[in-house]
Amino acid sequence: MIEVSHLYKSFEDKKVLNDISTVFENGKTNLIIGQSGSGKTVLMKCLVGLFEPTAGKVFYDNRDFTNMNMRERTLLRREMGMIFQSAALFDSMSVLENVMFPLDMFSTASYKDRKRRAEFCLDRVNLLDAAEKFPGEISGGMQKRVAIARAIVLEPKYLFCDEPNSGLDPKTSLVIDELIYGITQENGITTIINTHDMNSVMGIGDHILYIYEGSVEWEGTKEIVKDSGNQRLNDFIFASPLKNHGYVK
Amino acid sequence: MLIQKFLITFAHYLLLMKRVFSRPERMRMFLKRYLTEMAQLGVDSIGIVLLISFFIGAVICIQIKLNIQTAWMPLWTSGFVTREIMLLEFSSSIMCLILSGKVGSNIASELGTMRTSQQIDALEIMGINSASFLILPKIAGLVTMIPLLVTFSTASGFIGAYATAYVGHIITPADLTSGLQHSFTQWFFWMGIIKSLFFAFIISSVSSFFGYTLEGGSVEVGKASTNAVVSSSMLILFSDLFLTHLLS
């Protein structure tokens with residue numbers, strides 16, 4: 001469980017996050033949605049410590065992340081996995097080496113066991129055939145799947161996904177969504193996803209946090225999101241053609 | 001204002017170096033990267049070092065023989081001056097200036113691209129000290145390889161000088177050999193090696209700083225690369241002045 005308490009973030013005079021408080025529970029896919037520039041990515045970077053919050057606290061299973069020193073944070077980060085918008089795979093390594101990398105750094109298992117675990121994760125994302133290829137030789141969707149495999153190889157407790165569907169076609173987006181949702185359910189991990197994709201919201205949004213101009217505007221589940229009664233949220237949701245869900249006005 | 005900016009940048013550089021010089025998390029991975037960097041930064045530079053040194057050695061020999069040496073000077077003068085220039089300045093300082101262009105831009109653009117494509121963020125999220133993981137092997141690799149490059153450079157310069165004797169017939173091989181052996185001071189060789197170690201540290205650490213701390217996109221990668229080369233070249237020139245005075 002990740003608890004965010006009265007989080008603020010400013011860049012010089014510009015307030016980006018304003019009193020964000022919420023709880024992201026275990027075994028759920030938590031979606032942070034909002035317009036571009038609303039502060040979603042800044043919130044996620046504050047959660048993982050890439051940005052320091054101006055004020056407020058972040059607790060990982062009651063452990064105060066904001067007050068941890070560098071070493072404590074480093075140890076906690078080994079319980080995290082993150083999928084970046086750009087996949088952020090290491091260009092100089094093959095797909096298999098990318099997935100094995102966290103194991104090479106932190107696992108004391110033998111090479112054979114590390115390789116077996118990496119191959120298992122690649123198989124989980126249906127990419128075992130591409131193990132020897134390099135990131136530059138595979139498609140964007142495949143890169144995202146490799147990033148998922150790399151993120152889960154150490155069996156993290158917390159999984160962060162920054163716009164995992166950006167730049168992907170709807171069918172591939174669905175595959176990515178199903179993968180993330182399946183992995184979250186299987187391992188009971190706390191997953192937080194930044195997204196614009198309304199198909200993701202309707203498909204896998206166990207818990208949805210709608211951010212508007214740096215503040216939490218609405219919070220709920222996919223079942224009630226369409227009936228939120230919140231005008232700003234409705235404007236955001238129904239700006240997308242949700243034909244599959246029958247939500248087109 | 002300029003001094004303030006310099007001091008802030010220098011403070012950031014020192015803070016980065018503090019993170020860089022920490023114990024590697026996994027020695028096996030460090031050694032793997034160390035060997036890779038030795039190959040990329042050192043072995044891959046041998047060709048250009050040999051080529052440039054060969055021609056400079058030859059040109060120095062010709063210049064001294066045809067334009068400086070007069071009848072009242074000993075016949076070994078060309079060889080002697082060629083040796084001293086190669087040992088004292090060219091193979092250490094000038095070669096490092098050239099390497100700052102090749103190696104420095106390579107390091108800054110590699111780390112800059114890793115920063116813009118979020119690869120460095122990915123390392124941090126994994127709980128890895130990315131500064132130490134990426135930069136320490138580069139510094140260690142180049143510092144290890146630089147004595148070899150300096151030695152190769154000096155040897156290649158001498159071969160270039162011999163080429164003017166055997167191929168160009170500018171000087172007799174005997175006079176050249178006599179000059180190269182005349183009043184040899186071993187300390188000059190070690191002085192070049194010591195200076196080059198400092199320069200290798202400057203090239204690798206300053207270029208890494210500009211690449212690692214980059215903010216922005218591809219335009220900034222280009223700027224960081226240029227800044228890395230200019231800054232490390234300037235620092236090499238300044239430190240050459242002090243080191244030469246200190247070691248002479």
# chains A, B, ... in the order shown; residues from 1 in each chain; ligands from 1
$ residues_around --residues "Ser218 in chain B" --least-positions-apart "2" --cutoff "12 Å" --atoms "only C-alpha atoms" --output "CSV table (one decimal) with C-alpha atoms, in the first residue's frame"
chain,number,residue,atom,x,y,z
B,109,SER,CA,26.8,12.3,-25.8
B,110,GLU,CA,26.5,8.8,-24.5
B,111,LEU,CA,25.5,9.8,-21.0
B,112,GLY,CA,23.4,12.7,-22.3
B,113,THR,CA,21.4,10.4,-24.5
B,114,MET,CA,20.9,8.0,-21.6
B,115,ARG,CA,19.6,10.9,-19.6
B,116,THR,CA,17.1,12.1,-22.3
B,117,SER,CA,15.9,8.6,-22.9
B,211,GLY,CA,26.5,14.4,-20.0
B,214,LEU,CA,22.0,17.3,-18.9
B,215,GLU,CA,18.5,18.6,-18.9
B,216,GLY,CA,16.4,18.7,-22.1
B,220,GLU,CA,21.1,19.9,-25.3
B,221,VAL,CA,23.0,16.6,-26.0
B,222,GLY,CA,24.9,18.5,-28.7
B,223,LYS,CA,25.6,21.4,-26.4
B,224,ALA,CA,26.7,19.2,-23.6
B,225,SER,CA,29.1,17.4,-26.0
$ interface_residues --of "chain A" --to "chain B" --cutoff "8 Å" --atoms "only C-alpha atoms" --output "ChimeraX atom specification"
/A:48,50,73-78,80-82,84,86,88-90,102,104-106
$ residues_around --residues "Gly104 in chain B" --least-positions-apart "3" --cutoff "7 Å" --atoms "only C-alpha atoms" --output "list in words"
Ser100, Gly101, Ile107, Ala108, Ile203, Ser204, Ser207, Ala228 and Val229 of chain B
$ select_by_dssp --residues "range 105-170 of chain A" --states "strand (DSSP E)" --output "PDB file with N, CA and C atoms, in the first residue's frame"
ATOM      1  N   TYR A 158       5.834  -2.858  -5.741  1.00  0.00           N
ATOM      2  CA  TYR A 158       5.181  -1.663  -6.282  1.00  0.00           C
ATOM      3  C   TYR A 158       5.576  -1.511  -7.746  1.00  0.00           C
ATOM      4  N   LEU A 159       4.586  -1.338  -8.607  1.00  0.00           N
ATOM      5  CA  LEU A 159       4.870  -1.191 -10.041  1.00  0.00           C
ATOM      6  C   LEU A 159       4.330   0.153 -10.526  1.00  0.00           C
ATOM      7  N   PHE A 160       5.208   0.944 -11.140  1.00  0.00           N
ATOM      8  CA  PHE A 160       4.816   2.259 -11.645  1.00  0.00           C
ATOM      9  C   PHE A 160       4.892   2.238 -13.171  1.00  0.00           C
ATOM     10  N   CYS A 161       3.855   2.737 -13.800  1.00  0.00           N
ATOM     11  CA  CYS A 161       3.832   2.750 -15.264  1.00  0.00           C
ATOM     12  C   CYS A 161       3.494   4.168 -15.727  1.00  0.00           C
ATOM     13  N   ASP A 162       4.442   4.797 -16.413  1.00  0.00           N
ATOM     14  CA  ASP A 162       4.211   6.159 -16.890  1.00  0.00           C
ATOM     15  C   ASP A 162       3.752   6.108 -18.347  1.00  0.00           C
TER      16      ASP A 162
END
$ select_by_dssp --residues "range 18-241 of chain B" --states "alpha helix (DSSP H)" --output "PyMOL selection string"
chain B and resi 18-20+27-37+46-63+77-85+95-99+105-116+119-125+130-166+173-181+186-212+218-241
$ atom_distance --atom1 "CA of Cys46 in chain A" --atom2 "CA of Val4 in chain A"
10.0 Å
$ residues_around --residues "range 24-39 of chain A" --least-positions-apart "3" --cutoff "6 Å" --atoms "only C-alpha atoms" --output "PDB file with N, CA and C atoms, in the first residue's frame"
ATOM      1  N   MET A   1       0.840  -1.206   0.000  1.00  0.00           N
ATOM      2  CA  MET A   1       0.000   0.000   0.000  1.00  0.00           C
ATOM      3  C   MET A   1       0.878   1.260   0.000  1.00  0.00           C
ATOM      4  N   ILE A   2       0.481   2.211  -0.822  1.00  0.00           N
ATOM      5  CA  ILE A   2       1.203   3.485  -0.843  1.00  0.00           C
ATOM      6  C   ILE A   2       0.229   4.585  -0.415  1.00  0.00           C
ATOM      7  N   VAL A  16       2.680  22.951  -9.002  1.00  0.00           N
ATOM      8  CA  VAL A  16       2.287  21.868  -9.906  1.00  0.00           C
ATOM      9  C   VAL A  16       1.360  20.874  -9.192  1.00  0.00           C
ATOM     10  N   VAL A  42       4.557  14.451 -12.674  1.00  0.00           N
ATOM     11  CA  VAL A  42       5.252  15.028 -11.509  1.00  0.00           C
ATOM     12  C   VAL A  42       4.866  14.254 -10.249  1.00  0.00           C
ATOM     13  N   THR A 184      -0.474  -7.660 -11.905  1.00  0.00           N
ATOM     14  CA  THR A 184      -0.890  -7.048 -10.630  1.00  0.00           C
ATOM     15  C   THR A 184      -1.719  -8.037  -9.808  1.00  0.00           C
ATOM     16  N   GLN A 185      -2.658  -8.698 -10.491  1.00  0.00           N
ATOM     17  CA  GLN A 185      -3.527  -9.660  -9.793  1.00  0.00           C
ATOM     18  C   GLN A 185      -2.734 -10.873  -9.303  1.00  0.00           C
ATOM     19  N   GLY A 188      -0.231  -9.666  -6.489  1.00  0.00           N
ATOM     20  CA  GLY A 188      -0.763  -8.823  -5.419  1.00  0.00           C
ATOM     21  C   GLY A 188       0.046  -7.557  -5.205  1.00  0.00           C
ATOM     22  N   ILE A 189       0.568  -6.988  -6.294  1.00  0.00           N
ATOM     23  CA  ILE A 189       1.406  -5.791  -6.145  1.00  0.00           C
ATOM     24  C   ILE A 189       0.576  -4.506  -6.261  1.00  0.00           C
ATOM     25  N   THR A 190       1.154  -3.425  -5.798  1.00  0.00           N
ATOM     26  CA  THR A 190       0.485  -2.128  -5.900  1.00  0.00           C
ATOM     27  C   THR A 190       0.936  -1.497  -7.207  1.00  0.00           C
ATOM     28  N   THR A 191      -0.002  -1.349  -8.137  1.00  0.00           N
ATOM     29  CA  THR A 191       0.361  -0.802  -9.441  1.00  0.00           C
ATOM     30  C   THR A 191      -0.244   0.587  -9.618  1.00  0.00           C
ATOM     31  N   ILE A 192       0.578   1.506 -10.072  1.00  0.00           N
ATOM     32  CA  ILE A 192       0.104   2.863 -10.335  1.00  0.00           C
ATOM     33  C   ILE A 192       0.419   3.194 -11.789  1.00  0.00           C
ATOM     34  N   ILE A 193      -0.610   3.605 -12.508  1.00  0.00           N
ATOM     35  CA  ILE A 193      -0.444   3.876 -13.938  1.00  0.00           C
ATOM     36  C   ILE A 193      -0.876   5.306 -14.247  1.00  0.00           C
ATOM     37  N   ASN A 194      -0.013   6.031 -14.930  1.00  0.00           N
ATOM     38  CA  ASN A 194      -0.380   7.338 -15.483  1.00  0.00           C
ATOM     39  C   ASN A 194      -0.915   7.093 -16.873  1.00  0.00           C
ATOM     40  N   THR A 195      -2.067   7.579 -17.174  1.00  0.00           N
ATOM     41  CA  THR A 195      -2.566   7.316 -18.533  1.00  0.00           C
ATOM     42  C   THR A 195      -3.536   8.389 -19.026  1.00  0.00           C
ATOM     43  N   GLY A 205      -9.276  -0.016 -14.522  1.00  0.00           N
ATOM     44  CA  GLY A 205      -9.194   0.985 -13.448  1.00  0.00           C
ATOM     45  C   GLY A 205      -9.866   0.557 -12.155  1.00  0.00           C
ATOM     46  N   ASP A 206      -9.145  -0.199 -11.321  1.00  0.00           N
ATOM     47  CA  ASP A 206      -9.690  -0.579 -10.008  1.00  0.00           C
ATOM     48  C   ASP A 206      -9.898   0.665  -9.145  1.00  0.00           C
ATOM     49  N   HIS A 207      -8.947   1.577  -9.282  1.00  0.00           N
ATOM     50  CA  HIS A 207      -9.005   2.811  -8.493  1.00  0.00           C
ATOM     51  C   HIS A 207      -8.537   3.930  -9.416  1.00  0.00           C
ATOM     52  N   ILE A 208      -9.360   4.950  -9.573  1.00  0.00           N
ATOM     53  CA  ILE A 208      -9.036   6.038 -10.513  1.00  0.00           C
ATOM     54  C   ILE A 208      -8.906   7.346  -9.749  1.00  0.00           C
ATOM     55  N   LEU A 209      -7.823   8.056 -10.077  1.00  0.00           N
ATOM     56  CA  LEU A 209      -7.580   9.349  -9.447  1.00  0.00           C
ATOM     57  C   LEU A 209      -7.542  10.383 -10.574  1.00  0.00           C
ATOM     58  N   TYR A 210      -8.487  11.288 -10.578  1.00  0.00           N
ATOM     59  CA  TYR A 210      -8.512  12.306 -11.627  1.00  0.00           C
ATOM     60  C   TYR A 210      -7.868  13.586 -11.099  1.00  0.00           C
ATOM     61  N   ILE A 211      -6.788  13.983 -11.743  1.00  0.00           N
ATOM     62  CA  ILE A 211      -6.047  15.181 -11.311  1.00  0.00           C
ATOM     63  C   ILE A 211      -6.422  16.339 -12.233  1.00  0.00           C
ATOM     64  N   TYR A 212      -6.781  17.458 -11.627  1.00  0.00           N
ATOM     65  CA  TYR A 212      -7.083  18.644 -12.425  1.00  0.00           C
ATOM     66  C   TYR A 212      -6.264  19.812 -11.873  1.00  0.00           C
ATOM     67  N   GLU A 213      -5.421  20.359 -12.706  1.00  0.00           N
ATOM     68  CA  GLU A 213      -4.540  21.474 -12.324  1.00  0.00           C
ATOM     69  C   GLU A 213      -3.841  21.224 -10.982  1.00  0.00           C
ATOM     70  N   GLY A 214      -3.320  20.035 -10.833  1.00  0.00           N
ATOM     71  CA  GLY A 214      -2.489  19.719  -9.663  1.00  0.00           C
ATOM     72  C   GLY A 214      -3.234  19.279  -8.423  1.00  0.00           C
TER      73      GLY A 214
END
$ atom_distance --atom1 "CA of Val150 in chain B" --atom2 "CA of Ser91 in chain B"
5.2 Å
$ closest_residue --among "B:Pro147, B:Gly168, B:Gly179, B:Gly157" --to "Ser92 in chain B" --atoms "only C-alpha atoms"
B:Pro147
$ residues_around --residues "Trp187 in chain B" --least-positions-apart "3" --cutoff "10 Å" --atoms "only C-alpha atoms" --output "list in words"
Leu87, Leu88, Phe184, Trp190, Met191, Gly192, Ile193, Leu247 and Ser248 of chain B
$ write_last_selection --atoms "C-alpha atoms" --output "short mmCIF file (atom, residue, chain, number, x, y, z; two decimals), in the first residue's frame"
data_model
loop_
_atom_site.label_atom_id
_atom_site.label_comp_id
_atom_site.auth_asym_id
_atom_site.auth_seq_id
_atom_site.Cartn_x
_atom_site.Cartn_y
_atom_site.Cartn_z
CA LEU B 87 58.13 13.13 -24.33
CA LEU B 88 57.53 16.43 -22.59
CA PHE B 184 68.20 10.92 -22.02
CA TRP B 190 57.49 9.63 -16.13
CA MET B 191 56.55 13.29 -16.08
CA GLY B 192 54.52 12.77 -19.24
CA ILE B 193 52.82 9.72 -17.72
CA LEU B 247 57.10 18.43 -11.88
CA SER B 248 60.04 20.16 -13.59
#
$ atom_distance --atom1 "CA of Cys61 in chain B" --atom2 "CA of Phe189 in chain B"
18.9 Å
